[in-house]
Amino acid sequence: MVPVAERILYEDNHLIIVNKEAGELVQGDKSGDRTLADDVKAYLKEKYSKPGNVYLGIPHRLDRPTTGIVVYAKTEKALVRLSSQFRTSDVKKTYWAIVDGLPERREGELVHYIIRNTENNKSIALAKEAKGSKIAKLSYRVLASSDHYHLLEIDLHTGRHHQIRAQLAALGIHIKGDLKYGAARSNPDGGISLHARSIRFIHPVRKEEVHIIAPPPHGEPWDYFIRFLEASR
């Protein structure tokens, strides 16, 4: 993996924002594997010669196989205020997804009702409300297509468990590499082609808007789509 120091997208006294790679855990789980948070703490400890433990707050999550923007808080004040923004959907999150099919329209909104199954760590998106379900909304547009895949840009309006993966699967569309939700084959790195592309939020201390964009992973078909978008400008 690329060292954390080379993947920092933003850092100040209150925040540090990192471009996560596929397979990294945002925070610890029952696997006991080393996490991105561990690596960020080690980076901060070394860079600033910090004695003792390094504080690092986690205001949001990103699925392990997903890549892209992860925001960490360097102070408790920043964590409390950021967590509030994430809970109230004041944070604007945009994802890129490489998929094997297309919705009926080139752009639009998807509304489903999601039920989470904790036993298999999977969610199902239903067309109608059911007992225990939560409403899930996103909007999308098609950015580019190749012979076999398509690049979608997705704005999340709610933050449900595996929301993008489940909502697309409900349409018979699969994210490249996402075996859990029906993709035909895995990606070489074991991840899925879902990337947290950009984020907008109000800085928890300075009260200014922060807008971060994360480059997607290198390799095909990501590189193909980047070349296509750059040529289309």
# chains A, B, ... in the order shown; residues from 1 in each chain; ligands from 1
>>> closest_atom_pairs(of="region 145-209 of chain A", to="region 6-24 of chain A", cutoff="12 Å", atoms="only C-alpha atoms", output="CSV")
residue,atom,partner,partner_atom,distance
A:Gly177,CA,A:Ala22,CA,11.2
A:Asp178,CA,A:Ala22,CA,12.0
A:Asn187,CA,A:Ala22,CA,10.1
A:Pro188,CA,A:Ala22,CA,10.6
A:Asp189,CA,A:Ala22,CA,7.1
A:Gly190,CA,A:Gly23,CA,7.1
A:Gly191,CA,A:Ala22,CA,5.0
A:Ile192,CA,A:Ala22,CA,7.4
A:Ser193,CA,A:Ala22,CA,8.9
A:Leu194,CA,A:Ala22,CA,9.4
A:His195,CA,A:Lys20,CA,9.1
A:Ala196,CA,A:Asn19,CA,8.7
A:Arg197,CA,A:Asn19,CA,9.3
A:Ser198,CA,A:Asn19,CA,10.4
A:Ile199,CA,A:Ile17,CA,10.3
A:Ile202,CA,A:Leu15,CA,11.8
A:His203,CA,A:Leu15,CA,8.7
A:Pro204,CA,A:His14,CA,8.1
A:Val205,CA,A:His14,CA,7.7
A:Arg206,CA,A:His14,CA,9.6
>>> residues_around(residues="region 129-136 of chain A", least_positions_apart="4", cutoff="6 Å", atoms="only C-alpha atoms", output="list in words")
Val111, His112, Tyr113, Ile114, Ile115 and Thr158 of chain A
>>> write_last_selection(atoms="C-alpha atoms", output="PDB file, in the first residue's frame")
ATOM      1  CA  VAL A 111     -35.639   5.736  -3.841  1.00  0.00           C
ATOM      2  CA  HIS A 112     -35.801   2.435  -1.979  1.00  0.00           C
ATOM      3  CA  TYR A 113     -36.448   1.072   1.494  1.00  0.00           C
ATOM      4  CA  ILE A 114     -33.424  -0.708   2.920  1.00  0.00           C
ATOM      5  CA  ILE A 115     -33.406  -3.573   5.371  1.00  0.00           C
ATOM      6  CA  THR A 158     -29.180   9.354   2.954  1.00  0.00           C
TER       7      THR A 158
END
>>> select_by_dssp(residues="chain A", states="strand (DSSP E or B)", output="PyMOL selection string")
chain A and resi 8-11+15-20+57+67-73+92-99+107-117+122-126+134-145+150-156+175+194-202+209-213
>>> residues_around(residues="Ala97 (chain A)", least_positions_apart="3", cutoff="12 Å", atoms="only C-alpha atoms", output="ChimeraX atom specification")
/A:66-68,94,100-102,140-145,149-155,164-165,168,173-178,192-197,216-217,221-222,225
>>> write_last_selection(atoms="N, CA and C atoms", output="compact mmCIF listing (two decimals), in the first residue's frame")
# COMPACT_ATOMS: atom_id res chain seq x y z
N THR A 66 -14.19 -0.46 -0.34
CA THR A 66 -14.37 0.80 -1.05
C THR A 66 -13.13 1.67 -0.91
N THR A 67 -12.89 2.53 -1.90
CA THR A 67 -11.77 3.46 -1.85
C THR A 67 -12.29 4.89 -1.69
N GLY A 68 -11.36 5.79 -1.38
CA GLY A 68 -11.71 7.21 -1.40
C GLY A 68 -11.61 7.93 -0.07
N THR A 94 -20.19 12.56 -2.73
CA THR A 94 -20.34 12.09 -4.10
C THR A 94 -19.41 10.91 -4.33
N ASP A 100 -21.73 -2.71 -14.29
CA ASP A 100 -21.86 -3.57 -15.47
C ASP A 100 -23.16 -3.35 -16.24
N GLY A 101 -23.97 -2.39 -15.82
CA GLY A 101 -25.22 -2.12 -16.51
C GLY A 101 -25.64 -0.68 -16.28
N LEU A 102 -26.72 -0.28 -16.93
CA LEU A 102 -27.20 1.09 -16.82
C LEU A 102 -28.66 1.15 -16.38
N TYR A 140 -28.13 10.02 -9.45
CA TYR A 140 -27.01 9.52 -10.25
C TYR A 140 -27.02 10.15 -11.63
N ARG A 141 -25.87 10.08 -12.28
CA ARG A 141 -25.79 10.39 -13.71
C ARG A 141 -24.68 9.56 -14.33
N VAL A 142 -24.83 9.22 -15.57
CA VAL A 142 -23.84 8.44 -16.30
C VAL A 142 -22.77 9.39 -16.83
N LEU A 143 -21.52 9.16 -16.45
CA LEU A 143 -20.42 10.02 -16.91
C LEU A 143 -19.76 9.49 -18.17
N ALA A 144 -19.64 8.17 -18.30
CA ALA A 144 -18.92 7.59 -19.44
C ALA A 144 -19.24 6.10 -19.53
N SER A 145 -18.97 5.55 -20.71
CA SER A 145 -19.16 4.11 -20.94
C SER A 145 -18.01 3.56 -21.77
N TYR A 149 -18.15 -1.66 -19.35
CA TYR A 149 -18.51 -1.02 -18.09
C TYR A 149 -18.97 0.42 -18.29
N HIS A 150 -19.55 0.96 -17.23
CA HIS A 150 -20.05 2.33 -17.24
C HIS A 150 -19.61 3.01 -15.95
N LEU A 151 -19.39 4.32 -16.03
CA LEU A 151 -19.01 5.11 -14.86
C LEU A 151 -20.18 5.97 -14.43
N LEU A 152 -20.66 5.73 -13.21
CA LEU A 152 -21.74 6.52 -12.64
C LEU A 152 -21.19 7.49 -11.61
N GLU A 153 -21.77 8.68 -11.57
CA GLU A 153 -21.51 9.62 -10.47
C GLU A 153 -22.76 9.64 -9.60
N ILE A 154 -22.58 9.43 -8.31
CA ILE A 154 -23.71 9.24 -7.40
C ILE A 154 -23.61 10.20 -6.23
N ASP A 155 -24.71 10.94 -6.00
CA ASP A 155 -24.81 11.80 -4.82
C ASP A 155 -25.72 11.12 -3.81
N ILE A 164 -25.46 2.32 -1.72
CA ILE A 164 -25.25 2.35 -3.18
C ILE A 164 -25.23 0.94 -3.73
N ARG A 165 -24.53 0.06 -3.06
CA ARG A 165 -24.41 -1.33 -3.52
C ARG A 165 -25.78 -2.00 -3.59
N LEU A 168 -28.30 -0.27 -6.34
CA LEU A 168 -27.96 -0.65 -7.71
C LEU A 168 -28.30 -2.12 -7.95
N ILE A 173 -28.05 -4.08 -11.41
CA ILE A 173 -26.77 -3.46 -11.77
C ILE A 173 -25.76 -3.77 -10.68
N HIS A 174 -24.55 -4.15 -11.08
CA HIS A 174 -23.55 -4.57 -10.10
C HIS A 174 -22.28 -3.74 -10.21
N ILE A 175 -21.75 -3.36 -9.08
CA ILE A 175 -20.47 -2.66 -9.05
C ILE A 175 -19.36 -3.67 -9.34
N LYS A 176 -18.43 -3.28 -10.20
CA LYS A 176 -17.34 -4.17 -10.59
C LYS A 176 -16.62 -4.70 -9.34
N GLY A 177 -16.49 -6.04 -9.27
CA GLY A 177 -15.79 -6.67 -8.16
C GLY A 177 -16.63 -6.98 -6.94
N ASP A 178 -17.88 -6.52 -6.94
CA ASP A 178 -18.70 -6.65 -5.72
C ASP A 178 -19.45 -7.98 -5.71
N ILE A 192 -13.77 -3.32 -4.40
CA ILE A 192 -14.84 -3.09 -5.36
C ILE A 192 -14.63 -1.72 -5.99
N SER A 193 -15.17 -1.53 -7.19
CA SER A 193 -14.94 -0.28 -7.93
C SER A 193 -15.95 0.79 -7.53
N LEU A 194 -15.97 1.09 -6.24
CA LEU A 194 -16.79 2.16 -5.68
C LEU A 194 -15.85 3.10 -4.94
N HIS A 195 -15.88 4.37 -5.32
CA HIS A 195 -14.88 5.33 -4.85
C HIS A 195 -15.56 6.57 -4.29
N ALA A 196 -15.24 6.91 -3.04
CA ALA A 196 -15.75 8.14 -2.43
C ALA A 196 -14.98 9.30 -3.06
N ARG A 197 -15.58 9.91 -4.07
CA ARG A 197 -14.88 10.86 -4.94
C ARG A 197 -14.72 12.25 -4.33
N PRO A 216 -9.22 8.59 -8.14
CA PRO A 216 -9.53 7.16 -8.03
C PRO A 216 -8.27 6.32 -8.12
N PRO A 217 -8.36 5.03 -7.83
CA PRO A 217 -7.19 4.15 -7.92
C PRO A 217 -6.65 4.10 -9.35
N PRO A 221 -10.44 -0.42 -15.18
CA PRO A 221 -10.83 0.60 -16.17
C PRO A 221 -10.87 2.02 -15.64
N TRP A 222 -10.40 2.25 -14.42
CA TRP A 222 -10.37 3.61 -13.89
C TRP A 222 -9.60 4.54 -14.81
N PHE A 225 -11.49 5.63 -17.93
CA PHE A 225 -12.54 6.61 -17.71
C PHE A 225 -11.95 8.00 -17.41
>>> residues_around(residues="Asp33 (chain A)", least_positions_apart="6", cutoff="12 Å", atoms="only C-alpha atoms", output="PyMOL selection string")
chain A and resi 23-27+39+64
>>> write_last_selection(atoms="C-alpha atoms", output="PDB file, in the first residue's frame")
ATOM      1  CA  GLY A  23      -9.052  -3.414   1.818  1.00  0.00           C
ATOM      2  CA  GLU A  24      -8.191  -0.881   4.504  1.00  0.00           C
ATOM      3  CA  LEU A  25     -10.351  -0.707   7.602  1.00  0.00           C
ATOM      4  CA  VAL A  26     -11.400   2.788   8.650  1.00  0.00           C
ATOM      5  CA  GLN A  27     -11.469   1.588  12.267  1.00  0.00           C
ATOM      6  CA  ASP A  39      -1.505   4.225  10.252  1.00  0.00           C
ATOM      7  CA  ARG A  64     -13.570  -1.966   3.677  1.00  0.00           C
TER       8      ARG A  64
END
>>> residues_around(residues="His157 (chain A)", least_positions_apart="5", cutoff="10 Å", atoms="only C-alpha atoms", output="PyMOL selection string")
chain A and resi 89-94+109+111+136-139
